[in-house]
Amino acid sequence: MITMQYSFTLPADYDMSIIDRRIRDKGPLLDGFPNLGFKAYLSTRKGEFGSHDNLYAPFYLWQRPEGASDFLCSPGFEALTSAFGWPQVRTWIVWQAEISPDIAPAKFATRDVLQTKPYAPLADIRRAESAQAKADVETGNALASVSGFEPTTWTRVRFRLWREIPEIGEHTQAYRVGHLSLARP
């Protein structure tokens with residue numbers, strides 16, 4: 001499994017209802033996309049949840065890398081980049097992905113990107129991150145919890161989907177979920 005996210009920073013005076021409409025109209029097109037675990041259509045407005053910018057920042061969990069490749073080569077992604085520009089697509093190898101069967105009501109998401117210290121004990125960090133991802137969903141706090149690792153920049157990602165917005169940390173990016181595309185049952 002891999003996870004990926006790209007983000008478009010939009011001008012402070014950008015009419016975010018354009019993004020809301022885009023999500024509403026285009027979101028269902030990825031429902032059941034091959035090899036997709038889920039796609040969370042995310043946005044936030046400047047000042048909301050402490051955000052410094054207007055953002056459109058979808059987050060994906062792919063069951064197989066071919067799904068990500070097929071999507072990035074698709075006419076849908078081509079249309080997106082024609083409208084908003086060519087984004088940097090960040091990817092992480094999934095360490096743990098826990099998804100509640102009751103994921104559909106997710107309304108909020110949080111994402112933390114953490115730097116890994118040089119020579120840190122990766123196996124220990126992986127065990128701890130995986131245990132936390134499991135606990136987040138098992139306790140019923142999160143509807144989905146994904147932990148991943150990227151060895152080029154040595155970053156880790158913690159991504160969570162929520163019914164209600166949790167307390168937001170200083171370095172946490174929070175979003176509204178406009179649509180959630182899921183794998184076919």
# chains A, B, ... in the order shown; residues from 1 in each chain; ligands from 1
>>> residues_around(residues="segment 125-137 of chain A", least_positions_apart="6", cutoff="6 Å", atoms="only C-alpha atoms", output="PyMOL selection string")
chain A and resi 96+98+143+145
>>> closest_atom_pairs(of="segment 3-30 of chain A", to="segment 45-55 of chain A", cutoff="8 Å", atoms="only C-alpha atoms", output="tab-separated table")
residue	atom	partner	partner_atom	distance
A:Ser7	CA	A:Leu55	CA	6.6
A:Phe8	CA	A:Leu55	CA	5.6
A:Thr9	CA	A:Leu55	CA	4.8
A:Leu10	CA	A:Asn54	CA	5.2
A:Pro11	CA	A:Asn54	CA	6.7
A:Ala12	CA	A:Asn54	CA	6.3
A:Tyr14	CA	A:Asn54	CA	7.5
A:Met16	CA	A:Arg45	CA	7.3
>>> atom_distance(atom1="atom CA of Val177 of chain A", atom2="atom CA of Ser100 of chain A")
16.1 Å
>>> residues_around(residues="segment 71-74 of chain A", least_positions_apart="4", cutoff="12 Å", atoms="only C-alpha atoms", output="list in words")
Met4, Gln5, Tyr6, Leu29, Leu30, Phe33, Pro34, Asn35, Leu36, Lys39, Tyr60, Trp62, Arg64, Pro65, Glu66, Gly67, Glu78, Ala79, Leu80, Thr81, Trp86, Pro87, Gln88 and Val89 of chain A
>>> atom_distance(atom1="atom CA of Asp20 of chain A", atom2="atom CA of Val94 of chain A")
28.6 Å
>>> residues_around(residues="Pro58 of chain A", least_positions_apart="5", cutoff="6 Å", atoms="only C-alpha atoms", output="PyMOL selection string")
chain A and resi 5+40-42
>>> atom_distance(atom1="atom CA of Leu161 of chain A", atom2="atom CA of Ala144 of chain A")
5.1 Å
>>> residues_around(residues="Thr155 of chain A", least_positions_apart="2", cutoff="6 Å", atoms="only C-alpha atoms", output="PDB file with N, CA and C atoms, in the first residue's frame")
ATOM      1  N   LEU A 114       5.975  14.443   9.896  1.00  0.00           N
ATOM      2  CA  LEU A 114       7.007  14.490  10.926  1.00  0.00           C
ATOM      3  C   LEU A 114       8.367  14.137  10.336  1.00  0.00           C
ATOM      4  N   GLN A 115       9.371  14.867  10.716  1.00  0.00           N
ATOM      5  CA  GLN A 115      10.731  14.581  10.277  1.00  0.00           C
ATOM      6  C   GLN A 115      11.305  13.472  11.157  1.00  0.00           C
ATOM      7  N   THR A 116      11.972  12.514  10.532  1.00  0.00           N
ATOM      8  CA  THR A 116      12.633  11.435  11.267  1.00  0.00           C
ATOM      9  C   THR A 116      14.091  11.830  11.474  1.00  0.00           C
ATOM     10  N   PHE A 149       5.688   6.209   5.738  1.00  0.00           N
ATOM     11  CA  PHE A 149       7.091   6.595   5.800  1.00  0.00           C
ATOM     12  C   PHE A 149       7.604   6.867   4.393  1.00  0.00           C
ATOM     13  N   GLU A 150       8.438   7.901   4.262  1.00  0.00           N
ATOM     14  CA  GLU A 150       9.020   8.264   2.974  1.00  0.00           C
ATOM     15  C   GLU A 150      10.526   8.398   3.169  1.00  0.00           C
ATOM     16  N   THR A 153      13.018  11.870   1.917  1.00  0.00           N
ATOM     17  CA  THR A 153      13.093  13.033   2.800  1.00  0.00           C
ATOM     18  C   THR A 153      13.058  12.626   4.273  1.00  0.00           C
TER      19      THR A 153
END
>>> select_by_dssp(residues="segment 15-137 of chain A", states="strand (DSSP E)", output="ChimeraX atom specification")
/A:36-44,54-56,59-62,90-99,108-115
>>> closest_residue(among="A:Gly178, A:Thr3, A:Asp124, A:Asp70", to="Val157 of chain A", atoms="only C-alpha atoms")
A:Thr3
>>> closest_residue(among="A:Arg24, A:Lys117, A:Arg156, A:Lys107", to="Trp92 of chain A", atoms="only C-alpha atoms")
A:Arg156
>>> select_by_dssp(residues="segment 34-129 of chain A", states="alpha helix (DSSP H)", output="ChimeraX atom specification")
/A:65-72,75-84,122-129
>>> closest_residue(among="A:Pro118, A:Gly85, A:Ala104, A:Ala57", to="Ala183 of chain A", atoms="only C-alpha atoms")
A:Ala104
